[in-house]
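Chemist: I'm passing along data_13.cif; it holds mmCIF, C-alpha atoms.
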data_entry
#
loop_
_atom_site.label_atom_id
_atom_site.label_comp_id
_atom_site.auth_asym_id
_atom_site.auth_seq_id
_atom_site.Cartn_x
_atom_site.Cartn_y
_atom_site.Cartn_z
CA MET A 1 44.52 126.81 147.91
CA PRO A 2 42.34 124.68 150.25
CA MET A 3 39.64 122.68 148.50
CA ALA A 4 35.93 122.91 149.16
CA LYS A 5 34.82 120.85 152.14
CA PRO A 6 31.42 119.48 151.21
CA TYR A 7 31.08 116.83 153.93
CA PRO A 8 33.36 117.43 156.89
CA PRO A 9 32.86 115.17 159.91
CA VAL A 10 31.28 116.71 163.00
CA VAL A 11 33.48 117.04 166.09
CA LEU A 12 31.39 115.63 168.96
CA ARG A 13 34.01 115.88 171.72
CA GLU A 14 37.55 117.11 171.97
CA ARG A 15 40.07 116.24 174.66
CA LEU A 16 43.61 117.36 175.36
CA ARG A 17 45.60 114.11 175.48
CA TYR A 18 48.93 115.63 176.34
CA GLN A 19 50.34 119.14 176.57
CA GLY A 20 53.89 118.85 175.31
CA TYR A 21 56.56 121.49 175.68
CA LYS A 22 56.25 122.29 171.99
CA TYR A 23 53.16 120.49 170.67
CA VAL A 24 49.69 119.56 171.84
CA PHE A 25 48.41 116.03 171.33
CA LEU A 26 44.65 116.24 170.80
CA GLY A 27 41.91 113.59 170.78
CA GLN A 28 38.60 114.02 168.98
CA ARG A 29 35.41 112.00 168.79
CA LEU A 30 33.95 112.49 165.32
CA ARG A 31 30.72 111.73 163.52
CA PHE A 32 31.47 110.91 159.91
CA PRO A 33 29.30 111.77 156.91
CA ASN A 34 27.94 108.21 156.86
CA GLN A 35 26.74 108.77 160.48
CA THR A 36 29.24 106.37 162.07
CA GLU A 37 31.46 107.67 164.89
CA GLY A 38 35.15 107.29 165.48
CA ASP A 39 38.13 108.62 167.45
CA ARG A 40 41.06 110.50 166.05
CA GLU A 41 44.25 111.78 167.62
CA TYR A 42 46.75 114.21 166.20
CA ILE A 43 49.38 116.82 166.92
CA VAL A 44 48.26 120.45 166.93
CA HIS A 45 51.18 122.32 165.42
CA PRO A 46 51.69 126.10 165.09
CA GLY A 47 52.97 125.64 161.51
CA GLY A 48 56.45 125.51 160.08
CA ALA A 49 58.49 127.45 157.58
CA VAL A 50 61.29 126.18 155.37
CA VAL A 51 63.72 128.00 153.07
CA VAL A 52 65.69 126.83 150.04
CA PRO A 53 68.81 129.06 149.95
CA VAL A 54 70.44 129.18 146.51
CA THR A 55 73.93 130.60 146.08
CA ALA A 56 75.15 132.73 143.17
CA ALA A 57 76.90 129.60 141.88
CA GLY A 58 73.57 127.74 141.79
CA THR A 59 74.34 125.44 144.71
CA PHE A 60 72.08 124.96 147.74
CA LEU A 61 72.80 125.69 151.39
CA CYS A 62 71.63 122.80 153.52
CA ILE A 63 72.12 121.89 157.12
CA ARG A 64 73.19 118.54 158.44
CA GLN A 65 71.88 117.83 161.88
CA TYR A 66 71.10 115.00 164.23
CA ARG A 67 67.38 114.23 164.43
CA PHE A 68 66.79 112.53 167.73
CA ALA A 69 63.38 111.15 166.68
CA VAL A 70 64.90 109.04 163.92
CA GLY A 71 68.31 108.66 165.61
CA ASP A 72 70.13 109.77 162.50
CA TYR A 73 72.02 112.64 160.92
CA ILE A 74 70.17 113.93 157.86
CA TYR A 75 70.36 116.84 155.45
CA GLU A 76 67.55 119.39 155.44
CA PHE A 77 66.80 122.87 154.26
CA PRO A 78 66.78 125.38 157.13
CA ALA A 79 63.37 125.29 158.80
CA GLY A 80 61.63 126.02 162.04
CA THR A 81 58.39 126.31 163.94
CA LEU A 82 56.38 129.53 163.86
CA GLU A 83 56.66 131.48 167.11
CA PRO A 84 53.42 132.94 168.50
CA GLY A 85 52.37 135.92 166.38
CA GLU A 86 55.23 135.40 163.96
CA ALA A 87 54.61 135.51 160.20
CA PRO A 88 56.13 132.57 158.26
CA ALA A 89 58.29 134.99 156.22
CA GLU A 90 59.85 136.17 159.49
CA THR A 91 60.33 132.64 160.78
CA VAL A 92 62.40 131.61 157.76
CA LYS A 93 64.56 134.72 157.89
CA ARG A 94 65.31 134.00 161.54
CA GLU A 95 65.97 130.31 160.95
CA LEU A 96 68.21 130.96 157.95
CA GLN A 97 70.34 133.29 160.05
CA GLU A 98 70.38 131.11 163.18
CA GLU A 99 71.03 127.83 161.41
CA THR A 100 73.43 128.90 158.66
CA GLY A 101 74.86 132.29 159.65
CA TRP A 102 73.75 133.70 156.29
CA GLN A 103 71.11 136.24 155.34
CA ALA A 104 69.32 136.68 152.02
CA HIS A 105 68.35 139.84 150.13
CA ARG A 106 65.96 138.25 147.66
CA TRP A 107 62.97 136.18 148.74
CA ASP A 108 60.30 134.35 146.78
CA ASP A 109 57.25 132.47 147.96
CA LEU A 110 57.14 128.75 147.10
CA GLY A 111 53.65 128.20 148.54
CA GLN A 112 52.46 125.84 151.25
CA PHE A 113 51.99 122.12 151.74
CA TYR A 114 50.80 119.69 154.41
CA LEU A 115 53.59 117.68 155.97
CA ALA A 116 51.92 114.72 157.68
CA PRO A 117 48.13 115.16 157.50
CA GLY A 118 47.59 111.67 158.95
CA TYR A 119 48.63 112.82 162.42
CA SER A 120 49.52 116.51 162.38
CA ASP A 121 47.79 119.70 161.28
CA GLU A 122 51.12 121.29 160.37
CA ILE A 123 51.19 123.53 157.33
CA MET A 124 54.63 124.15 155.92
CA TYR A 125 55.35 127.54 154.32
CA ALA A 126 58.12 127.32 151.73
CA TYR A 127 60.43 130.06 150.46
CA LEU A 128 63.29 130.54 148.06
CA ALA A 129 66.18 132.73 149.22
CA ARG A 130 68.82 134.28 146.93
CA ASP A 131 71.44 137.04 147.04
CA LEU A 132 72.99 135.40 150.08
CA GLU A 133 75.49 137.16 152.31
CA PRO A 134 77.27 135.89 155.41
CA LEU A 135 76.33 137.67 158.65
CA PRO A 136 79.16 139.57 160.34
CA GLU A 137 78.55 137.32 163.32
CA LYS A 138 76.49 134.14 163.49
CA PRO A 139 73.59 134.57 165.96
CA PRO A 140 73.49 132.17 168.92
CA GLY A 141 71.39 129.05 168.27
CA ASP A 142 69.68 126.59 170.60
CA GLU A 143 71.82 125.13 173.35
CA ASP A 144 71.65 121.68 171.84
CA GLU A 145 72.35 122.58 168.27
CA ASP A 146 74.83 120.42 166.46
CA ILE A 147 74.34 121.87 163.01
CA GLN A 148 76.73 121.77 160.10
CA VAL A 149 76.18 124.00 157.06
CA VAL A 150 76.73 122.12 153.81
CA GLU A 151 76.70 123.34 150.22
CA LEU A 152 75.18 120.80 147.85
CA THR A 153 74.77 120.72 144.09
CA THR A 154 71.50 120.04 142.29
CA ALA A 155 72.79 116.60 141.30
CA GLU A 156 73.72 115.75 144.89
CA LEU A 157 70.30 116.83 146.17
CA ARG A 158 68.48 114.93 143.41
CA HIS A 159 70.34 111.78 144.38
CA LYS A 160 69.57 112.21 148.09
CA ALA A 161 65.91 113.03 147.33
CA LEU A 162 65.33 110.06 145.07
CA HIS A 163 67.48 107.28 146.49
CA THR A 164 68.34 107.82 150.16
CA LEU A 165 66.98 108.52 153.63
CA GLU A 166 69.21 111.59 153.84
CA LEU A 167 66.65 114.22 152.78
CA ASP A 168 63.30 114.38 154.58
CA ALA A 169 59.94 114.79 152.82
CA LYS A 170 59.64 118.55 153.48
CA SER A 171 63.09 119.16 152.01
CA VAL A 172 62.32 117.00 148.97
CA THR A 173 59.04 118.84 148.39
CA CYS A 174 60.50 122.34 148.55
CA PHE A 175 63.59 121.28 146.56
CA TYR A 176 61.36 120.38 143.60
CA ARG A 177 59.33 123.56 144.07
CA ALA A 178 62.57 125.56 143.98
CA LEU A 179 63.80 123.75 140.85
CA ALA A 180 60.47 124.42 139.11
CA PHE A 181 60.56 128.09 140.17
CA LEU A 182 64.10 128.40 138.80
CA GLY A 183 63.11 126.75 135.52
CA GLN A 184 65.35 123.75 136.21
CA LEU A 185 62.70 121.04 136.43
CA MET B 1 70.91 104.05 153.61
CA PRO B 2 71.30 105.54 157.14
CA MET B 3 74.37 107.70 157.62
CA ALA B 4 77.08 107.14 160.20
CA LYS B 5 76.21 108.49 163.64
CA PRO B 6 79.48 109.81 165.05
CA TYR B 7 78.05 111.80 167.99
CA PRO B 8 74.52 110.76 168.94
CA PRO B 9 73.08 112.29 172.09
CA VAL B 10 72.74 110.03 175.12
CA VAL B 11 69.21 109.20 176.32
CA LEU B 12 69.24 109.85 180.08
CA ARG B 13 65.54 109.20 180.78
CA GLU B 14 62.56 108.15 178.74
CA ARG B 15 58.93 108.62 179.68
CA LEU B 16 55.67 107.62 178.01
CA ARG B 17 53.77 110.90 177.64
CA TYR B 18 50.65 109.45 176.14
CA GLN B 19 49.59 106.06 174.80
CA GLY B 20 47.33 106.82 171.86
CA TYR B 21 45.09 104.35 170.13
CA LYS B 22 47.48 104.31 167.17
CA TYR B 23 50.64 106.15 168.22
CA VAL B 24 52.78 106.58 171.31
CA PHE B 25 53.89 110.07 172.34
CA LEU B 26 57.31 109.73 173.99
CA GLY B 27 59.40 112.14 176.06
CA GLN B 28 63.17 111.87 176.41
CA ARG B 29 65.79 113.68 178.44
CA LEU B 30 68.97 113.83 176.38
CA ARG B 31 72.60 114.74 176.90
CA PHE B 32 73.96 116.35 173.76
CA PRO B 33 77.51 115.98 172.40
CA ASN B 34 78.41 119.40 173.85
CA GLN B 35 77.40 118.00 177.31
CA THR B 36 74.29 120.18 177.70
CA GLU B 37 70.96 118.48 178.43
CA GLY B 38 67.55 118.95 176.91
CA ASP B 39 64.08 117.43 176.55
CA ARG B 40 62.58 116.07 173.39
CA GLU B 41 59.14 114.72 172.60
CA TYR B 42 58.03 112.80 169.55
CA ILE B 43 55.63 110.27 168.11
CA VAL B 44 56.78 106.66 167.99
CA HIS B 45 55.33 105.34 164.76
CA PRO B 46 55.33 101.75 163.42
CA GLY B 47 56.26 103.01 159.94
CA GLY B 48 54.19 103.66 156.86
CA ALA B 49 54.03 102.42 153.30
CA VAL B 50 52.89 104.29 150.22
CA VAL B 51 52.30 103.15 146.64
CA VAL B 52 52.30 105.05 143.35
CA PRO B 53 49.94 103.09 141.07
CA VAL B 54 50.53 103.80 137.37
CA THR B 55 47.98 102.71 134.77
CA ALA B 56 48.77 101.32 131.31
CA ALA B 57 47.83 104.76 129.96
CA GLY B 58 50.52 106.38 132.14
CA THR B 59 48.08 108.07 134.51
CA PHE B 60 48.21 107.77 138.30
CA LEU B 61 45.61 106.35 140.68
CA CYS B 62 45.18 108.66 143.63
CA ILE B 63 42.70 108.82 146.44
CA ARG B 64 40.88 111.89 147.57
CA GLN B 65 39.97 111.80 151.23
CA TYR B 66 39.10 114.03 154.14
CA ARG B 67 42.01 114.47 156.53
CA PHE B 68 40.54 115.42 159.88
CA ALA B 69 43.85 116.76 161.24
CA VAL B 70 44.00 119.48 158.60
CA GLY B 71 40.22 119.74 158.12
CA ASP B 72 40.55 119.42 154.38
CA TYR B 73 40.08 117.07 151.45
CA ILE B 74 43.39 116.32 149.79
CA TYR B 75 44.77 113.98 147.13
CA GLU B 76 47.25 111.32 148.16
CA PHE B 77 48.77 108.12 146.92
CA PRO B 78 47.34 105.07 148.71
CA ALA B 79 49.20 104.58 151.99
CA GLY B 80 48.85 103.09 155.40
CA THR B 81 50.47 102.21 158.69
CA LEU B 82 52.39 98.96 159.09
CA GLU B 83 50.45 96.40 161.14
CA PRO B 84 52.43 94.44 163.76
CA GLY B 85 54.68 91.92 162.03
CA GLU B 86 53.65 93.12 158.58
CA ALA B 87 56.29 93.77 155.90
CA PRO B 88 55.93 97.13 154.10
CA ALA B 89 55.45 95.34 150.76
CA GLU B 90 52.41 93.60 152.26
CA THR B 91 51.06 96.83 153.76
CA VAL B 92 51.00 98.58 150.38
CA LYS B 93 49.35 95.65 148.64
CA ARG B 94 46.62 95.65 151.28
CA GLU B 95 46.19 99.42 151.21
CA LEU B 96 46.07 99.55 147.41
CA GLN B 97 43.27 96.98 147.42
CA GLU B 98 41.34 98.47 150.35
CA GLU B 99 41.58 102.07 149.25
CA THR B 100 41.22 101.76 145.48
CA GLY B 101 39.69 98.33 144.76
CA TRP B 102 42.59 97.58 142.40
CA GLN B 103 45.47 95.12 142.59
CA ALA B 104 48.84 95.27 140.86
CA HIS B 105 50.90 92.51 139.25
CA ARG B 106 54.16 94.42 138.93
CA TRP B 107 55.89 96.03 141.90
CA ASP B 108 59.06 98.05 142.21
CA ASP B 109 60.81 99.43 145.27
CA LEU B 110 61.14 103.25 145.42
CA GLY B 111 63.15 103.25 148.64
CA GLN B 112 62.47 104.90 151.97
CA PHE B 113 62.35 108.42 153.39
CA TYR B 114 61.68 110.15 156.70
CA LEU B 115 58.37 111.97 156.80
CA ALA B 116 58.59 114.40 159.72
CA PRO B 117 61.84 113.76 161.63
CA GLY B 118 61.23 116.84 163.80
CA TYR B 119 58.51 115.06 165.77
CA SER B 120 58.03 111.52 164.47
CA ASP B 121 60.29 108.53 163.88
CA GLU B 122 58.15 107.37 160.96
CA ILE B 123 59.95 105.81 158.02
CA MET B 124 57.93 105.73 154.84
CA TYR B 125 58.46 102.80 152.44
CA ALA B 126 57.62 103.73 148.85
CA TYR B 127 56.62 101.47 145.97
CA LEU B 128 55.63 101.69 142.35
CA ALA B 129 52.73 99.50 141.19
CA ARG B 130 51.95 98.63 137.57
CA ASP B 131 49.92 96.07 135.61
CA LEU B 132 46.83 97.16 137.51
CA GLU B 133 43.62 95.14 137.52
CA PRO B 134 40.33 95.86 139.27
CA LEU B 135 39.40 93.39 142.02
CA PRO B 136 36.23 91.36 141.38
CA GLU B 137 34.89 92.91 144.59
CA LYS B 138 36.30 95.85 146.54
CA PRO B 139 37.34 94.75 150.05
CA PRO B 140 35.60 96.45 152.98
CA GLY B 141 37.49 99.50 154.30
CA ASP B 142 37.43 101.29 157.63
CA GLU B 143 34.04 102.31 158.96
CA ASP B 144 34.80 105.98 158.53
CA GLU B 145 36.32 105.89 155.10
CA ASP B 146 35.13 108.52 152.70
CA ILE B 147 37.56 107.78 149.90
CA GLN B 148 37.22 108.62 146.26
CA VAL B 149 39.53 107.05 143.67
CA VAL B 150 40.77 109.58 141.14
CA GLU B 151 42.91 109.12 138.02
CA LEU B 152 45.33 112.01 137.51
CA THR B 153 47.79 112.83 134.74
CA THR B 154 51.45 113.66 135.28
CA ALA B 155 50.71 117.31 134.48
CA GLU B 156 47.86 117.46 137.01
CA LEU B 157 50.04 115.92 139.73
CA ARG B 158 52.97 118.22 138.94
CA HIS B 159 50.69 121.22 139.32
CA LYS B 160 49.27 119.98 142.63
CA ALA B 161 52.76 119.10 143.93
CA LEU B 162 54.32 122.43 143.05
CA HIS B 163 51.56 124.99 143.55
CA THR B 164 48.82 123.75 145.90
CA LEU B 165 48.05 122.25 149.31
CA GLU B 166 46.28 119.37 147.58
CA LEU B 167 49.16 116.86 147.62
CA ASP B 168 50.91 116.12 150.90
CA ALA B 169 54.70 115.88 151.31
CA LYS B 170 54.84 112.04 151.22
CA SER B 171 52.84 111.98 147.97
CA VAL B 172 55.06 114.66 146.42
CA THR B 173 58.20 112.77 147.42
CA CYS B 174 57.12 109.42 146.01
CA PHE B 175 55.63 111.07 142.89
CA TYR B 176 59.08 112.40 141.95
CA ARG B 177 60.70 109.07 142.82
CA ALA B 178 58.20 107.35 140.51
CA LEU B 179 58.83 109.84 137.68
CA ALA B 180 62.59 109.33 138.03
CA PHE B 181 62.17 105.54 138.09
CA LEU B 182 60.04 105.74 134.93
CA GLY B 183 62.60 107.97 133.20
CA GLN B 184 60.17 110.91 133.12
CA LEU B 185 62.06 113.32 135.35
#
Once more with this new file: its structure as C-alpha cells, please.
Modeler:
Amino acid sequence: MPMAKPYPPVVLRERLRYQGYKYVFLGQRLRFPNQTEGDREYIVHPGGAVVVPVTAAGTFLCIRQYRFAVGDYIYEFPAGTLEPGEAPAETVKRELQEETGWQAHRWDDLGQFYLAPGYSDEIMYAYLARDLEPLPEKPPGDEDEDIQVVELTTAELRHKALHTLELDAKSVTCFYRALAFLGQL
Amino acid sequence: MPMAKPYPPVVLRERLRYQGYKYVFLGQRLRFPNQTEGDREYIVHPGGAVVVPVTAAGTFLCIRQYRFAVGDYIYEFPAGTLEPGEAPAETVKRELQEETGWQAHRWDDLGQFYLAPGYSDEIMYAYLARDLEPLPEKPPGDEDEDIQVVELTTAELRHKALHTLELDAKSVTCFYRALAFLGQL
C-alpha cells in the first residue's frame, strides 16, 4: 500500500525529453520541500507484470533469454509490459502463454513492488501460477524472441538469486514472495 | 558471473536518443540470431552500489526518501550511482556516510545483480556493512535531499519486502543476500 505523502515536491515544469517506441523519457523541474529547485529525468512506464509458475513437482518455470541492454543471457520469470487498457492479471496470463507455451488454472496475487524508482515509475505486479498445463499449440511470440523455457529447483534459484548475475532483481523479489506464500521461506 | 553468450544479436546501428543530465537514452538497430531485425532502446547507466548496514543489535539502517519518479516515500538501503572512475566499494562508503551520517569498519561483498535489464544496463554492486559508528559530523548531501534514517528489524523488513510497495526491488534483493550471508535465511 502506498505511504502517506506529507511533503511531495511541486512540479514546476515538465518536458518530454524523448518519445521512445515503448517508453517515454520525461524531464521535470521540481521545487523541493526545502524550497530549493532541481531537475529530474525518468522513464514513464505503463507498468509490468511478472508470474512465478510452480509445477506440481514444486519446481519453477523460468525463461532464459538474451537481454540486449546488459548484453547477456539471464534467467527470469515470465514477465511483460502492460498493454493499453490491459489489467495486470491479463498481462501475465498472456506472457506466460507466449513465453513458455503453458497456461495455469490457479492464480494468486503476490502484490506489487517498485522496480527502479530512481529512474522509472514502473510498478511491477506479481503473481503465482499453479496447476500448469501445456497449451495444445504455443502461441506466436515476438519476431526477435530467443527464449528457452527452463525448469529450476528452489535450490538452483536460491543460488542464482544470492550469488550470481543470472537472476534479475524483479525475479529475485517475486521468487521470495512466492516462497513466503508457499510457506517455504 | 556472466554467462556464455553463444548467439548475441549484432548491433547494426546505434543512435543517441537523448543525453540526460545523469543517464544516456540509447537506441540500437539489431539483427537477431534468427536473422530478423529490430529496434531496442535503453538507458546506459554507469552502475550503482548499495549497502546493507547492520547494527550491533542486528537491526538494519535504512533511509526513507521521496522518490519523484513514483511520487511516493519508500524505504531503501543506502545506494548511489558510480561517479566516473569510482570503484563501487568507494561509492557505497560515500553514500553510507552522506545518506545516513554513519561509517562502517567492516565490509563484505554481496555480489552483483542486474536491476532492470529490460530497459537499463545498470549493474548493482551490493555490500554488507558492520561495525557502524556515527560520524562526528554528517557530511553535506544533495541540495534536494529529504532523507530520514530509520532503523528496522528483520521482521519489519521481511514484511515490507513481501507484502508492500515500501521496499524497492534492489533493496529486497540485497536484503535477502545479507540475510543469507549472516546465516539468517
Chemist: Within 7 Å of stretch 62-79 of chain B, counting all atoms listed in the file, which residues show up once you throw out same-chain ones fewer than 2 positions away? Write them as number ranges by chain, please.
Modeler: A: 2-3, 5, 42, 117-121; B: 49-52, 60, 92, 95-96, 99, 146-152, 166-168, 171
Chemist: Between atom CA of B:Thr154 and atom CA of B:Ala178, measure the distance and give it in Å to one decimal.
Modeler: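 Computing it gives 10.6 Å between the two atoms.
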Chemist: Closest to chain B among A:Gly101, A:Gly80, A:Gly111, A:Gly183, using all atoms listed in the file?
Modeler: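 Among the listed residues, the smallest separation from chain B belongs to A:Gly111.
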Chemist: One decimal, Å: what's the distance from atom CA of B:Pro46 over to atom CA of A:Tyr21, could you say?
Modeler: 23.3 Å
Chemist: Hey, what comes out of the PyMOL selection byres ((chain B and resi 83) around 12) on this file? Could you write it as number ranges by chain?
Modeler: B: 22, 45-49, 80-82, 84-92, 94-95
Chemist: Name the residues that the PyMOL selection byres ((chain A and resi 132) around 9) pulls out of this structure, and write them as a short mmCIF file (atom, residue, chain, number, x, y, z; two decimals) with C-alpha atoms, in the frame of the given file.
Modeler:
data_model
loop_
_atom_site.label_atom_id
_atom_site.label_comp_id
_atom_site.auth_asym_id
_atom_site.auth_seq_id
_atom_site.Cartn_x
_atom_site.Cartn_y
_atom_site.Cartn_z
CA PRO A 53 68.81 129.06 149.95
CA VAL A 54 70.44 129.18 146.51
CA THR A 55 73.93 130.60 146.08
CA ALA A 56 75.15 132.73 143.17
CA TRP A 102 73.75 133.70 156.29
CA GLN A 103 71.11 136.24 155.34
CA ALA A 104 69.32 136.68 152.02
CA HIS A 105 68.35 139.84 150.13
CA ARG A 106 65.96 138.25 147.66
CA ALA A 129 66.18 132.73 149.22
CA ARG A 130 68.82 134.28 146.93
CA ASP A 131 71.44 137.04 147.04
CA GLU A 133 75.49 137.16 152.31
CA PRO A 134 77.27 135.89 155.41
#
Chemist: Between atom CA of A:Glu14 and atom CA of B:Tyr18, what is the spacing in Å?
Modeler: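 A separation of 15.7 Å between them.
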Chemist: From the list A:Ile43, A:Val24, A:Gly58, A:Leu135, which residue is nearest A:Ala116 when using all atoms listed in the file?
Modeler: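 When distances to A:Ala116 are compared using all atoms listed in the file, the smallest one comes from A:Ile43.
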Chemist: Have a look at A:Ala161, A:Leu12, A:Leu30, A:Ala126 and name the one nearest to A:Lys93; count all atoms listed in the file.
Modeler: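 Counting all atoms listed in the file, the residue closest to A:Lys93 is A:Ala126.
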Chemist: Which protein, DNA or RNA residues are at most 8 Å from (59.1, 96.4, 142.6) in the file's coordinates when you count all atoms listed in the file, listed as a VMD selection string?
Modeler: chain B and resid 106 to 110 127 to 129
Chemist: Considering all atoms listed in the file, return as a ChimeraX atom specification whatever protein or nucleic-acid residues lie within 6 Å of A:Arg29, sequence-local ones (same chain, fewer than 4 positions apart) excluded.
Modeler: /A:12-13,38-39
Chemist: Which residue, A:Val172, A:Val11, A:Leu157, A:Pro140, has the smallest gap to chain B when you use only C-alpha atoms?
Modeler: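 Counting only C-alpha atoms, the residue closest to chain B is A:Val172.
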Chemist: Closest to chain A among B:Thr153, B:Thr100, B:Gln28, B:Gln112, using all atoms listed in the file?
Modeler: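 Ranked by minimum distance to chain A, first place goes to B:Gln112.
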Chemist: Some atoms are absent from stretch 64-76 of chain B, so rebuild N, CA, C and O atoms and return them as a short mmCIF file (atom, residue, chain, number, x, y, z; two decimals), in the coordinates of the input.
Modeler:
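Result saved to selection_32.cif:
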data_model
loop_
_atom_site.label_atom_id
_atom_site.label_comp_id
_atom_site.auth_asym_id
_atom_site.auth_seq_id
_atom_site.Cartn_x
_atom_site.Cartn_y
_atom_site.Cartn_z
N ARG B 64 41.23 110.60 147.02
CA ARG B 64 40.88 111.89 147.57
C ARG B 64 40.12 111.60 148.85
O ARG B 64 39.12 110.86 148.84
N GLN B 65 40.62 112.10 149.96
CA GLN B 65 39.97 111.80 151.23
C GLN B 65 40.04 113.00 152.17
O GLN B 65 40.88 113.88 152.02
N TYR B 66 39.13 112.98 153.13
CA TYR B 66 39.10 114.03 154.14
C TYR B 66 40.14 113.71 155.19
O TYR B 66 40.17 112.60 155.74
N ARG B 67 41.02 114.66 155.49
CA ARG B 67 42.01 114.47 156.53
C ARG B 67 41.61 115.34 157.70
O ARG B 67 41.72 116.58 157.66
N PHE B 68 41.10 114.70 158.74
CA PHE B 68 40.54 115.42 159.88
C PHE B 68 41.56 116.34 160.53
O PHE B 68 41.22 117.40 161.03
N ALA B 69 42.84 115.94 160.54
CA ALA B 69 43.85 116.76 161.24
C ALA B 69 43.97 118.14 160.59
O ALA B 69 44.12 119.14 161.28
N VAL B 70 43.87 118.19 159.26
CA VAL B 70 44.00 119.48 158.60
C VAL B 70 42.64 120.04 158.20
O VAL B 70 42.55 121.16 157.69
N GLY B 71 41.57 119.26 158.41
CA GLY B 71 40.22 119.74 158.12
C GLY B 71 40.01 120.02 156.64
O GLY B 71 39.36 120.99 156.27
N ASP B 72 40.55 119.15 155.81
CA ASP B 72 40.55 119.42 154.38
C ASP B 72 40.52 118.11 153.59
O ASP B 72 41.02 117.10 154.06
N TYR B 73 39.95 118.19 152.41
CA TYR B 73 40.08 117.07 151.45
C TYR B 73 41.37 117.26 150.67
O TYR B 73 41.61 118.35 150.13
N ILE B 74 42.17 116.22 150.61
CA ILE B 74 43.39 116.32 149.79
C ILE B 74 43.53 115.06 148.93
O ILE B 74 42.84 114.06 149.16
N TYR B 75 44.42 115.13 147.96
CA TYR B 75 44.77 113.98 147.13
C TYR B 75 46.02 113.35 147.70
O TYR B 75 46.94 114.06 148.13
N GLU B 76 46.07 112.03 147.68
CA GLU B 76 47.25 111.32 148.16
C GLU B 76 47.42 110.03 147.37
O GLU B 76 46.46 109.53 146.79
#
